[in-house]
>>> print(open('protein-v2.json').read())   # JSON, C-alpha atoms and all ligand atoms
[["chain", "number", "residue", "atom", "x", "y", "z"],
["A", 1, "MET", "CA", 108.49, 90.10, 77.99],
["A", 2, "ASN", "CA", 110.06, 93.35, 79.24],
["A", 3, "TYR", "CA", 111.32, 94.21, 82.68],
["A", 4, "ILE", "CA", 110.71, 97.45, 84.54],
["A", 5, "ILE", "CA", 112.89, 98.58, 87.40],
["A", 6, "LEU", "CA", 110.92, 101.09, 89.39],
["A", 7, "ASP", "CA", 112.43, 103.43, 91.92],
["A", 8, "LEU", "CA", 110.54, 106.01, 93.91],
["A", 9, "GLU", "CA", 111.79, 108.92, 95.92],
["A", 10, "TRP", "CA", 109.52, 109.88, 98.77],
["A", 11, "ASP", "CA", 109.53, 112.39, 101.55],
["A", 12, "SER", "CA", 107.88, 112.29, 104.94],
["A", 13, "THR", "CA", 105.13, 114.89, 104.78],
["A", 14, "PHE", "CA", 102.56, 115.96, 107.33],
["A", 15, "PHE", "CA", 99.12, 115.06, 106.01],
["A", 16, "VAL", "CA", 96.83, 117.60, 107.66],
["A", 17, "LYS", "CA", 93.64, 115.74, 106.69],
["A", 18, "GLN", "CA", 94.71, 112.71, 108.76],
["A", 19, "LYS", "CA", 96.87, 114.52, 111.30],
["A", 20, "ARG", "CA", 99.82, 112.23, 110.65],
["A", 21, "PHE", "CA", 102.95, 111.92, 108.54],
["A", 22, "ILE", "CA", 102.90, 109.93, 105.33],
["A", 23, "ASN", "CA", 105.66, 108.99, 102.88],
["A", 24, "GLN", "CA", 104.64, 111.06, 99.91],
["A", 25, "ILE", "CA", 106.01, 109.97, 96.53],
["A", 26, "LEU", "CA", 107.69, 112.94, 94.85],
["A", 27, "GLN", "CA", 109.53, 111.24, 92.04],
["A", 28, "ILE", "CA", 108.92, 108.16, 89.92],
["A", 29, "GLY", "CA", 111.93, 106.84, 88.07],
["A", 30, "ALA", "CA", 112.19, 103.67, 86.04],
["A", 31, "VAL", "CA", 114.11, 101.89, 83.36],
["A", 32, "LYS", "CA", 112.76, 99.40, 80.89],
["A", 33, "LEU", "CA", 114.88, 96.38, 80.00],
["A", 34, "ASP", "CA", 114.59, 93.86, 77.22],
["A", 35, "ASN", "CA", 114.74, 90.13, 77.95],
["A", 36, "LYS", "CA", 118.55, 90.28, 77.98],
["A", 37, "PHE", "CA", 118.45, 93.11, 80.54],
["A", 38, "ASN", "CA", 119.67, 95.81, 78.21],
["A", 39, "VAL", "CA", 118.21, 99.23, 78.97],
["A", 40, "ILE", "CA", 115.81, 100.14, 76.17],
["A", 41, "ASP", "CA", 114.01, 103.12, 77.72],
["A", 42, "THR", "CA", 114.02, 105.31, 80.80],
["A", 43, "PHE", "CA", 111.31, 107.24, 82.60],
["A", 44, "GLU", "CA", 111.37, 110.01, 85.15],
["A", 45, "VAL", "CA", 108.72, 112.34, 86.48],
["A", 46, "THR", "CA", 108.81, 114.69, 89.44],
["A", 47, "ILE", "CA", 105.63, 115.27, 91.34],
["A", 48, "LYS", "CA", 104.16, 118.49, 92.60],
["A", 49, "SER", "CA", 102.77, 117.80, 96.05],
["A", 50, "SER", "CA", 99.11, 118.56, 96.60],
["A", 51, "ILE", "CA", 99.44, 118.49, 100.38],
["A", 52, "SER", "CA", 102.66, 120.35, 101.06],
["A", 53, "LYS", "CA", 104.59, 123.34, 99.71],
["A", 54, "ARG", "CA", 107.95, 122.18, 101.01],
["A", 55, "VAL", "CA", 110.23, 119.18, 101.06],
["A", 56, "THR", "CA", 112.43, 118.35, 104.04],
["A", 57, "GLY", "CA", 116.04, 119.53, 103.92],
["A", 58, "ARG", "CA", 117.28, 115.98, 104.18],
["A", 59, "PHE", "CA", 115.20, 114.87, 101.21],
["A", 60, "ALA", "CA", 116.36, 117.83, 99.11],
["A", 61, "SER", "CA", 120.03, 117.20, 99.75],
["A", 62, "LEU", "CA", 119.68, 113.44, 99.21],
["A", 63, "THR", "CA", 117.71, 113.61, 95.96],
["A", 64, "GLY", "CA", 118.37, 117.05, 94.52],
["A", 65, "ILE", "CA", 114.63, 117.65, 94.54],
["A", 66, "THR", "CA", 114.39, 121.11, 96.07],
["A", 67, "ASN", "CA", 111.20, 123.03, 96.86],
["A", 68, "GLU", "CA", 111.44, 124.71, 93.48],
["A", 69, "VAL", "CA", 111.96, 121.46, 91.56],
["A", 70, "MET", "CA", 109.03, 119.88, 93.41],
["A", 71, "ARG", "CA", 106.73, 122.84, 92.70],
["A", 72, "ASN", "CA", 107.57, 122.61, 89.00],
["A", 73, "GLY", "CA", 106.53, 118.96, 88.93],
["A", 74, "VAL", "CA", 103.25, 117.52, 87.66],
["A", 75, "LEU", "CA", 100.35, 116.53, 89.89],
["A", 76, "PHE", "CA", 100.34, 112.97, 91.23],
["A", 77, "PRO", "CA", 97.41, 111.55, 89.18],
["A", 78, "GLU", "CA", 98.98, 112.92, 86.00],
["A", 79, "ALA", "CA", 102.38, 111.41, 86.94],
["A", 80, "VAL", "CA", 100.86, 107.97, 87.56],
["A", 81, "GLU", "CA", 98.92, 108.17, 84.30],
["A", 82, "ARG", "CA", 102.11, 108.94, 82.39],
["A", 83, "TYR", "CA", 103.95, 106.15, 84.16],
["A", 84, "ASN", "CA", 101.25, 103.57, 83.45],
["A", 85, "ALA", "CA", 101.17, 104.52, 79.79],
["A", 86, "TRP", "CA", 104.94, 104.18, 79.62],
["A", 87, "VAL", "CA", 104.98, 100.72, 81.30],
["A", 88, "GLY", "CA", 103.07, 99.09, 78.46],
["A", 89, "GLU", "CA", 102.03, 95.45, 78.29],
["A", 90, "ASP", "CA", 103.55, 92.14, 79.39],
["A", 91, "THR", "CA", 106.07, 93.37, 81.94],
["A", 92, "VAL", "CA", 107.62, 92.27, 85.21],
["A", 93, "THR", "CA", 108.12, 95.16, 87.63],
["A", 94, "MET", "CA", 110.98, 95.08, 90.10],
["A", 95, "THR", "CA", 111.89, 97.31, 93.03],
["A", 96, "TRP", "CA", 114.86, 97.33, 95.36],
["A", 97, "SER", "CA", 113.19, 95.80, 98.46],
["A", 98, "ASN", "CA", 109.44, 95.79, 98.77],
["A", 99, "SER", "CA", 109.30, 98.98, 100.83],
["A", 100, "ASP", "CA", 108.42, 100.84, 97.62],
["A", 101, "LEU", "CA", 105.31, 98.70, 97.41],
["A", 102, "TYR", "CA", 104.19, 99.74, 100.89],
["A", 103, "THR", "CA", 104.69, 103.35, 99.91],
["A", 104, "ILE", "CA", 102.75, 102.83, 96.69],
["A", 105, "ILE", "CA", 99.80, 101.34, 98.60],
["A", 106, "GLU", "CA", 99.86, 104.16, 101.15],
["A", 107, "ASN", "CA", 99.90, 106.77, 98.38],
["A", 108, "GLU", "CA", 97.21, 105.05, 96.32],
["A", 109, "ASP", "CA", 94.94, 104.76, 99.34],
["A", 110, "ASN", "CA", 95.39, 108.35, 100.51],
["A", 111, "LEU", "CA", 96.35, 110.56, 97.59],
["A", 112, "LEU", "CA", 94.70, 108.98, 94.54],
["A", 113, "ASP", "CA", 91.07, 108.57, 93.69],
["A", 114, "GLY", "CA", 90.92, 104.90, 92.68],
["A", 115, "GLN", "CA", 93.91, 105.13, 90.36],
["A", 116, "ARG", "CA", 96.59, 102.43, 90.71],
["A", 117, "PHE", "CA", 100.20, 101.98, 89.64],
["A", 118, "LYS", "CA", 100.37, 99.47, 86.83],
["A", 119, "ILE", "CA", 102.21, 96.50, 88.35],
["A", 120, "GLU", "CA", 101.11, 93.14, 87.03],
["A", 121, "LYS", "CA", 103.97, 90.86, 87.89],
["A", 122, "TYR", "CA", 106.39, 91.75, 90.61],
["A", 123, "LEU", "CA", 109.80, 90.72, 91.87],
["A", 124, "ASP", "CA", 111.70, 92.00, 94.89],
["A", 125, "LEU", "CA", 115.11, 92.61, 93.35],
["A", 126, "GLN", "CA", 116.85, 93.25, 96.64],
["A", 127, "LYS", "CA", 115.81, 89.81, 97.87],
["A", 128, "TYR", "CA", 117.02, 88.17, 94.68],
["A", 129, "ILE", "CA", 120.37, 89.96, 94.53],
["A", 130, "GLN", "CA", 121.10, 89.35, 98.20],
["A", 131, "LYS", "CA", 120.48, 85.62, 97.67],
["A", 132, "GLU", "CA", 122.92, 85.68, 94.78],
["A", 133, "MET", "CA", 125.44, 87.50, 96.96],
["A", 134, "TYR", "CA", 125.20, 84.75, 99.58],
["A", 135, "LEU", "CA", 126.08, 82.24, 96.86],
["A", 136, "LYS", "CA", 129.18, 84.35, 96.18],
["A", 137, "GLY", "CA", 130.30, 84.36, 99.80],
["A", 138, "TYR", "CA", 128.53, 87.38, 101.25],
["A", 139, "GLU", "CA", 127.53, 86.72, 104.87],
["A", 140, "ASP", "CA", 125.86, 89.70, 106.54],
["A", 141, "LYS", "CA", 122.19, 88.98, 107.33],
["A", 142, "ASN", "CA", 121.11, 92.64, 107.34],
["A", 143, "GLN", "CA", 119.23, 93.92, 104.33],
["A", 144, "VAL", "CA", 121.86, 95.04, 101.85],
["A", 145, "SER", "CA", 121.78, 98.53, 100.36],
["A", 146, "LEU", "CA", 122.01, 99.16, 96.65],
["A", 147, "SER", "CA", 125.42, 100.84, 96.89],
["A", 148, "LEU", "CA", 126.80, 98.00, 99.02],
["A", 149, "ALA", "CA", 125.53, 95.41, 96.56],
["A", 150, "ALA", "CA", 127.15, 97.33, 93.70],
["A", 151, "GLU", "CA", 130.42, 97.41, 95.60],
["A", 152, "PHE", "CA", 130.34, 93.73, 96.51],
["A", 153, "LEU", "CA", 129.45, 92.64, 92.99],
["A", 154, "GLU", "CA", 131.98, 95.05, 91.48],
["A", 155, "VAL", "CA", 129.51, 96.96, 89.39],
["A", 156, "LYS", "CA", 130.89, 100.27, 88.17],
["A", 157, "THR", "CA", 129.07, 103.26, 89.59],
["A", 158, "ASP", "CA", 131.49, 106.13, 88.81],
["A", 159, "ASP", "CA", 128.93, 108.00, 86.74],
["A", 160, "ILE", "CA", 126.03, 107.12, 89.02],
["A", 161, "ASP", "CA", 124.23, 109.56, 91.28],
["A", 162, "PHE", "CA", 122.74, 107.37, 94.06],
["A", 163, "HIS", "CA", 119.30, 108.44, 95.33],
["A", 164, "THR", "CA", 118.10, 109.84, 92.09],
["A", 165, "ALA", "CA", 115.32, 107.57, 90.95],
["A", 166, "LYS", "CA", 116.63, 106.96, 87.43],
["A", 167, "ASP", "CA", 120.24, 106.28, 88.39],
["A", 168, "ASP", "CA", 119.26, 103.89, 91.17],
["A", 169, "SER", "CA", 117.22, 101.97, 88.61],
["A", 170, "LEU", "CA", 120.23, 101.84, 86.30],
["A", 171, "VAL", "CA", 122.38, 100.31, 89.03],
["A", 172, "CYS", "CA", 119.67, 97.70, 89.59],
["A", 173, "ALA", "CA", 119.80, 96.87, 85.90],
["A", 174, "TYR", "CA", 123.60, 96.42, 85.99],
["A", 175, "LEU", "CA", 123.34, 94.18, 89.07],
["A", 176, "LEU", "CA", 120.70, 92.06, 87.43],
["A", 177, "LYS", "CA", 122.67, 91.68, 84.24],
["A", 178, "LYS", "CA", 125.60, 90.50, 86.30],
["A", 179, "CYS", "CA", 123.67, 88.08, 88.54],
["A", 180, "TYR", "CA", 120.84, 86.71, 86.42],
["A", 181, "ASN", "CA", 120.11, 83.02, 86.79],
["A", 182, "LYS", "CA", 116.88, 81.87, 85.16],
["A", 183, "GLU", "CA", 116.22, 78.93, 87.53],
["A", 184, "ARG", "CA", 116.57, 81.06, 90.64],
["A", 185, "PHE", "CA", 115.04, 84.25, 89.26],
["A", 186, "GLU", "CA", 111.75, 83.08, 87.76],
["A", 187, "PRO", "CA", 110.25, 81.43, 90.86],
["A", 188, "LEU", "CA", 110.48, 84.80, 92.64],
["A", 189, "ILE", "CA", 108.16, 86.52, 90.17],
["A", 190, "LYS", "CA", 104.80, 87.13, 91.87],
["A", 191, "ASP", "CA", 101.45, 87.69, 90.21],
["A", 192, "THR", "CA", 99.89, 90.79, 91.81],
["A", 193, "SER", "CA", 96.40, 89.85, 90.59],
["A", 194, "ASN", "CA", 96.46, 87.02, 93.12],
["A", 195, "PRO", "CA", 94.65, 88.43, 96.21],
["A", 196, "GLU", "CA", 97.22, 86.66, 98.43],
["A", 197, "PHE", "CA", 99.87, 89.04, 97.14],
["A", 198, "PHE", "CA", 98.47, 92.19, 98.75],
["A", 199, "LYS", "CA", 97.14, 90.31, 101.78],
["A", 200, "ARG", "CA", 100.65, 89.13, 102.49],
["A", 201, "LEU", "CA", 102.06, 92.59, 101.87],
["A", 202, "LYS", "CA", 99.56, 94.32, 104.13],
["A", 203, "PHE", "CA", 99.99, 91.81, 106.91],
["A", 204, "ARG", "CA", 101.84, 93.39, 109.82],
["A", 205, "SER", "CA", 104.02, 90.94, 111.65],
["A", 206, "TYR", "CA", 103.72, 91.18, 115.42],
["A", 207, "CYS", "CA", 105.16, 89.70, 118.59],
["A", 208, "ILE", "CA", 102.84, 87.43, 120.51],
["A", 209, "SER", "CA", 102.30, 88.64, 124.08],
["A", 210, "ASN", "CA", 99.88, 86.00, 125.34],
["A", 211, "LEU", "CA", 100.98, 82.41, 125.94],
["A", 212, "LYS", "CA", 97.44, 81.18, 125.26],
["A", 213, "ASP", "CA", 97.70, 82.41, 121.67],
["A", 214, "GLY", "CA", 96.66, 79.58, 119.35],
["A", 215, "ASN", "CA", 99.82, 79.96, 117.27],
["A", 216, "ILE", "CA", 102.07, 78.87, 120.12],
["A", 217, "ASP", "CA", 102.95, 75.21, 120.30],
["A", 218, "LYS", "CA", 103.63, 74.08, 123.90],
["A", 219, "LYS", "CA", 106.89, 72.43, 122.84],
["A", 220, "TYR", "CA", 108.46, 75.90, 122.45],
["A", 221, "LEU", "CA", 107.99, 76.44, 126.19],
["A", 222, "GLU", "CA", 110.26, 73.55, 127.05],
["A", 223, "PHE", "CA", 113.96, 73.98, 127.59],
["A", 224, "LYS", "CA", 116.89, 71.61, 127.40],
["A", 225, "CYS", "CA", 119.55, 71.90, 130.07],
["A", 226, "PRO", "CA", 122.60, 73.65, 128.54],
["A", 227, "LYS", "CA", 124.89, 71.40, 130.60],
["A", 228, "CYS", "CA", 123.51, 67.86, 130.20],
["A", 229, "GLN", "CA", 120.83, 68.33, 127.49],
["A", 230, "GLY", "CA", 118.24, 66.80, 129.84],
["A", 231, "ASN", "CA", 114.72, 68.20, 130.12],
["A", 232, "ALA", "CA", 114.76, 71.04, 132.61],
["A", 233, "LYS", "CA", 111.78, 71.66, 134.86],
["A", 234, "ARG", "CA", 110.13, 75.06, 135.07],
["A", 235, "VAL", "CA", 110.10, 76.32, 138.67],
["A", 236, "SER", "CA", 108.53, 79.77, 138.31],
["A", 237, "LYS", "CA", 105.60, 81.39, 136.54],
["A", 238, "TRP", "CA", 106.12, 82.83, 133.04],
["A", 239, "LYS", "CA", 106.77, 86.54, 133.00],
["A", 240, "TYR", "CA", 106.43, 88.69, 129.88],
["A", 241, "SER", "CA", 108.67, 91.68, 129.39],
["A", 242, "ASN", "CA", 109.80, 93.51, 126.27],
["A", 243, "ARG", "CA", 108.66, 90.78, 123.83],
["A", 244, "TRP", "CA", 110.21, 87.92, 125.82],
["A", 245, "PHE", "CA", 108.56, 85.29, 127.98],
["A", 246, "MET", "CA", 110.87, 84.22, 130.77],
["A", 247, "ALA", "CA", 110.85, 81.64, 133.55],
["A", 248, "ASN", "CA", 113.32, 79.89, 135.84],
["A", 249, "PHE", "CA", 114.26, 76.29, 135.14],
["A", 250, "ILE", "CA", 116.10, 73.66, 137.16],
["A", 251, "CYS", "CA", 117.57, 70.47, 135.75],
["A", 252, "GLU", "CA", 118.02, 67.13, 137.50],
["A", 253, "CYS", "CA", 121.79, 67.63, 137.22],
["A", 254, "GLY", "CA", 121.46, 70.73, 139.39],
["A", 255, "GLU", "CA", 121.89, 73.31, 136.64],
["A", 256, "ARG", "CA", 119.67, 76.36, 137.10],
["A", 257, "PHE", "CA", 118.88, 78.93, 134.45],
["A", 258, "ASN", "CA", 116.36, 81.44, 133.17],
["A", 259, "GLY", "CA", 114.77, 80.26, 129.91],
["A", 260, "ARG", "CA", 113.51, 82.94, 127.53],
["A", 261, "VAL", "CA", 111.44, 82.66, 124.40],
["A", 262, "THR", "CA", 109.96, 85.14, 121.95],
["A", 263, "PHE", "CA", 107.40, 84.60, 119.18],
["A", 264, "LYS", "CA", 107.01, 86.70, 116.06],
["A", 265, "LYS", "CA", 104.05, 86.03, 113.81],
["A", 266, "THR", "CA", 104.53, 86.80, 110.13],
["A", 267, "TYR", "CA", 102.04, 86.11, 107.34],
["A", 268, "ASP", "CA", 103.56, 82.70, 106.59],
["A", 269, "ASP", "CA", 105.46, 81.73, 109.68],
["A", 270, "LEU", "CA", 105.87, 81.81, 113.41],
["A", 271, "ILE", "CA", 109.45, 82.80, 114.16],
["A", 272, "VAL", "CA", 110.57, 81.41, 117.52],
["A", 273, "ARG", "CA", 113.74, 82.35, 119.34],
["A", 274, "GLN", "CA", 114.88, 80.79, 122.61],
["A", 275, "LYS", "CA", 117.76, 81.84, 124.78],
["A", 276, "ILE", "CA", 119.20, 80.82, 128.10],
["A", 277, "CYS", "CA", 120.16, 83.40, 130.70],
["A", 278, "GLU", "CA", 121.28, 83.46, 134.28],
["A", 279, "PHE", "CA", 118.86, 82.09, 136.90],
["A", 280, "LYS", "CA", 116.82, 84.94, 138.41],
["A", 281, "GLU", "CA", 116.98, 84.90, 142.17],
["A", 282, "LYS", "CA", 113.78, 86.03, 143.86],
["A", 283, "LYS", "CA", 114.14, 89.53, 145.17],
["A", 284, "GLN", "CA", 113.44, 89.89, 148.89],
["A", 285, "LYS", "CA", 110.31, 91.94, 149.20],
["A", 286, "GLN", "CA", 111.41, 94.98, 151.14],
["A", 287, "ASN", "CA", 108.02, 96.01, 152.48],
["A", 288, "GLN", "CA", 107.51, 92.49, 153.83],
["A", 289, "GLN", "CA", 110.75, 92.75, 155.78],
["A", 290, "GLU", "CA", 109.70, 96.05, 157.20],
["A", 291, "VAL", "CA", 106.49, 94.53, 158.54],
["A", 292, "THR", "CA", 108.27, 91.69, 160.30],
["A", 293, "VAL", "CA", 110.88, 93.91, 161.93],
["A", 301, "ZN", "ZN", 121.26, 69.21, 133.31]]
>>> encode(input="protein-v2.json", output="structure tokens")
Amino acid sequence: MNYIILDLEWDSTFFVKQKRFINQILQIGAVKLDNKFNVIDTFEVTIKSSISKRVTGRFASLTGITNEVMRNGVLFPEAVERYNAWVGEDTVTMTWSNSDLYTIIENEDNLLDGQRFKIEKYLDLQKYIQKEMYLKGYEDKNQVSLSLAAEFLEVKTDDIDFHTAKDDSLVCAYLLKKCYNKERFEPLIKDTSNPEFFKRLKFRSYCISNLKDGNIDKKYLEFKCPKCQGNAKRVSKWKYSNRWFMANFICECGERFNGRVTFKKTYDDLIVRQKICEFKEKKQKQNQQEVTV
């Protein structure tokens, strides 16, 4: 079994045909590793856009892929064909966070005619490395960047040019070599031929805005008093604003507060967050006052 670390560079490009911007892949970089994570081959191809003559200035300065470099690239179908041939058989493909996969799907669906990137088994390397970092004392919950991971894990990057596809892949390989643990690594390998894999990937998580939604269990609408832990009683209607449901509560002990709850539906889970804020006094209705005066 070999391992592929795939890294794409993409640029936001206006797609005239659909009157919207898409993340167009302009470089495919990858390294191939043996089963001890030694680099045995590298791959890089720059793509000549078929929908744009220019790259953005930001992209050019980040990646070194200027307009001229891009125009000297090969067309996308040719690049994917070369990549697939290079990948070979019996491989696990990894990317740094699964955002590359979203970009691949978007590009396959819009810019290729039925052709697909060859990815049979897949692992999200960012997810794996961040888990390993937590075991080594790292605490930040935000998604860690490649350069930050390299710094934390003390991987040498003196000769590395971040944001070129091939060098980013090399850093991934170094990180993996440093952090590999068979028991924790192998369960994260996903089989992309399982239809669940792309269903899960294409699922867009969303915030629930209707309390009658079947995913919501009534118990999430109950609040404990922050003072005495007793069951507080709701004394106002639920209001929904900016992803939060909110209502006033009063406890038997006299404590009053505004209970807030938000629901995010992901493919696998319902993520619930509750918080307790200051009791919302009813605003005097001004126009009512005016009438009575
Ligand atoms: Zn209470």
>>> closest_atom_pairs(input="protein-v2.json", of="chain A", to="ligand ZN 301 (chain A)", cutoff="8 Å", atoms="all atoms listed in the file", output="Markdown table")
| residue | atom | partner | partner_atom | distance |
| --- | --- | --- | --- | --- |
| A:Lys224 | CA | A:ZN301 | ZN | 7.7 |
| A:Cys225 | CA | A:ZN301 | ZN | 4.5 |
| A:Pro226 | CA | A:ZN301 | ZN | 6.7 |
| A:Lys227 | CA | A:ZN301 | ZN | 5.0 |
| A:Cys228 | CA | A:ZN301 | ZN | 4.1 |
| A:Gln229 | CA | A:ZN301 | ZN | 5.9 |
| A:Gly230 | CA | A:ZN301 | ZN | 5.2 |
| A:Asn231 | CA | A:ZN301 | ZN | 7.3 |
| A:Ala232 | CA | A:ZN301 | ZN | 6.8 |
| A:Ile250 | CA | A:ZN301 | ZN | 7.8 |
| A:Cys251 | CA | A:ZN301 | ZN | 4.6 |
| A:Glu252 | CA | A:ZN301 | ZN | 5.7 |
| A:Cys253 | CA | A:ZN301 | ZN | 4.3 |
| A:Gly254 | CA | A:ZN301 | ZN | 6.3 |
| A:Glu255 | CA | A:ZN301 | ZN | 5.3 |
>>> residues_around(input="protein-v2.json", residues="Glu9 (chain A)", least_positions_apart="2", cutoff="9 Å", atoms="all atoms listed in the file", output="PDB file with C-alpha atoms, keeping the file's coordinate frame")
ATOM      1  CA  ASP A   7     112.430 103.430  91.920  1.00  0.00           C
ATOM      2  CA  ASP A  11     109.530 112.390 101.550  1.00  0.00           C
ATOM      3  CA  GLN A  24     104.640 111.060  99.910  1.00  0.00           C
ATOM      4  CA  ILE A  25     106.010 109.970  96.530  1.00  0.00           C
ATOM      5  CA  LEU A  26     107.690 112.940  94.850  1.00  0.00           C
ATOM      6  CA  GLN A  27     109.530 111.240  92.040  1.00  0.00           C
ATOM      7  CA  ILE A  28     108.920 108.160  89.920  1.00  0.00           C
ATOM      8  CA  GLY A  29     111.930 106.840  88.070  1.00  0.00           C
ATOM      9  CA  PHE A  59     115.200 114.870 101.210  1.00  0.00           C
ATOM     10  CA  THR A  63     117.710 113.610  95.960  1.00  0.00           C
ATOM     11  CA  ASP A 100     108.420 100.840  97.620  1.00  0.00           C
ATOM     12  CA  HIS A 163     119.300 108.440  95.330  1.00  0.00           C
ATOM     13  CA  THR A 164     118.100 109.840  92.090  1.00  0.00           C
ATOM     14  CA  ALA A 165     115.320 107.570  90.950  1.00  0.00           C
TER      15      ALA A 165
END
>>> closest_atom_pairs(input="protein-v2.json", of="region 130-205 of chain A", to="region 268-275 of chain A", cutoff="10 Å", atoms="all atoms listed in the file", output="Markdown table")
| residue | atom | partner | partner_atom | distance |
| --- | --- | --- | --- | --- |
| A:Arg200 | CA | A:Asp268 | CA | 8.2 |
| A:Phe203 | CA | A:Asp268 | CA | 9.8 |
| A:Ser205 | CA | A:Leu270 | CA | 9.5 |
>>> closest_residue(input="protein-v2.json", among="A:Tyr3, A:Phe152, A:Phe198, A:Phe245", to="Leu123 (chain A)", atoms="only C-alpha atoms")
A:Tyr3
>>> residues_around(input="protein-v2.json", residues="Ser145 (chain A)", least_positions_apart="3", cutoff="12 Å", atoms="only C-alpha atoms", output="CSV table (one decimal) with C-alpha atoms, in the frame of the given file")
chain,number,residue,atom,x,y,z
A,96,TRP,CA,114.9,97.3,95.4
A,97,SER,CA,113.2,95.8,98.5
A,125,LEU,CA,115.1,92.6,93.4
A,126,GLN,CA,116.8,93.2,96.6
A,127,LYS,CA,115.8,89.8,97.9
A,129,ILE,CA,120.4,90.0,94.5
A,130,GLN,CA,121.1,89.4,98.2
A,140,ASP,CA,125.9,89.7,106.5
A,141,LYS,CA,122.2,89.0,107.3
A,142,ASN,CA,121.1,92.6,107.3
A,148,LEU,CA,126.8,98.0,99.0
A,149,ALA,CA,125.5,95.4,96.6
A,150,ALA,CA,127.2,97.3,93.7
A,151,GLU,CA,130.4,97.4,95.6
A,152,PHE,CA,130.3,93.7,96.5
A,162,PHE,CA,122.7,107.4,94.1
A,163,HIS,CA,119.3,108.4,95.3
A,168,ASP,CA,119.3,103.9,91.2
A,171,VAL,CA,122.4,100.3,89.0
A,172,CYS,CA,119.7,97.7,89.6
>>> atom_distance(input="protein-v2.json", atom1="CA of Leu175 (chain A)", atom2="CA of Val92 (chain A)")
16.3 Å
>>> atom_distance(input="protein-v2.json", atom1="CA of Thr56 (chain A)", atom2="CA of Val74 (chain A)")
18.8 Å
>>> closest_residue(input="protein-v2.json", among="A:Ile22, A:Ala173, A:Ala85, A:Leu101", to="Lys202 (chain A)", atoms="all atoms listed in the file")
A:Leu101
>>> residues_near_point(input="protein-v2.json", point="(126.3, 88.3, 84.4)", cutoff="12 Å", atoms="all atoms listed in the file", output="compact mmCIF listing (two decimals) with C-alpha atoms, in the frame of the given file")
# COMPACT_ATOMS: atom_id res chain seq x y z
CA LYS A 36 118.55 90.28 77.98
CA PHE A 37 118.45 93.11 80.54
CA ASN A 38 119.67 95.81 78.21
CA ILE A 129 120.37 89.96 94.53
CA GLU A 132 122.92 85.68 94.78
CA LEU A 153 129.45 92.64 92.99
CA GLU A 154 131.98 95.05 91.48
CA VAL A 155 129.51 96.96 89.39
CA ALA A 173 119.80 96.87 85.90
CA TYR A 174 123.60 96.42 85.99
CA LEU A 175 123.34 94.18 89.07
CA LEU A 176 120.70 92.06 87.43
CA LYS A 177 122.67 91.68 84.24
CA LYS A 178 125.60 90.50 86.30
CA CYS A 179 123.67 88.08 88.54
CA TYR A 180 120.84 86.71 86.42
CA ASN A 181 120.11 83.02 86.79
CA LYS A 182 116.88 81.87 85.16
>>> closest_residue(input="protein-v2.json", among="A:Leu33, A:Val261, A:Ile119, A:Leu111", to="Tyr83 (chain A)", atoms="all atoms listed in the file")
A:Ile119
>>> decode(input="protein-v2.json", residues="region 164-175 of chain A", atoms="N, CA and C atoms", output="compact mmCIF listing (two decimals), in the first residue's frame")
# COMPACT_ATOMS: atom_id res chain seq x y z
N THR A 164 3.12 26.27 -2.18
CA THR A 164 3.30 25.64 -3.48
C THR A 164 2.86 24.21 -3.23
N ALA A 165 2.14 23.67 -4.19
CA ALA A 165 1.44 22.40 -3.96
C ALA A 165 2.41 21.30 -3.52
N LYS A 166 3.56 21.23 -4.18
CA LYS A 166 4.47 20.12 -3.88
C LYS A 166 5.10 20.25 -2.49
N ASP A 167 5.50 21.47 -2.14
CA ASP A 167 6.15 21.67 -0.84
C ASP A 167 5.17 21.47 0.31
N ASP A 168 3.93 21.91 0.15
CA ASP A 168 2.92 21.67 1.18
C ASP A 168 2.75 20.17 1.41
N SER A 169 2.76 19.42 0.32
CA SER A 169 2.62 17.96 0.44
C SER A 169 3.82 17.36 1.18
N LEU A 170 4.99 17.92 0.93
CA LEU A 170 6.19 17.42 1.63
C LEU A 170 6.08 17.65 3.14
N VAL A 171 5.61 18.82 3.53
CA VAL A 171 5.44 19.10 4.96
C VAL A 171 4.45 18.10 5.56
N CYS A 172 3.37 17.83 4.86
CA CYS A 172 2.41 16.82 5.33
C CYS A 172 3.10 15.49 5.57
N ALA A 173 3.97 15.12 4.65
CA ALA A 173 4.67 13.84 4.78
C ALA A 173 5.56 13.84 6.03
N TYR A 174 6.26 14.94 6.28
CA TYR A 174 7.11 15.02 7.48
C TYR A 174 6.27 14.91 8.75
N LEU A 175 5.12 15.62 8.75
CA LEU A 175 4.25 15.59 9.93
C LEU A 175 3.77 14.18 10.21
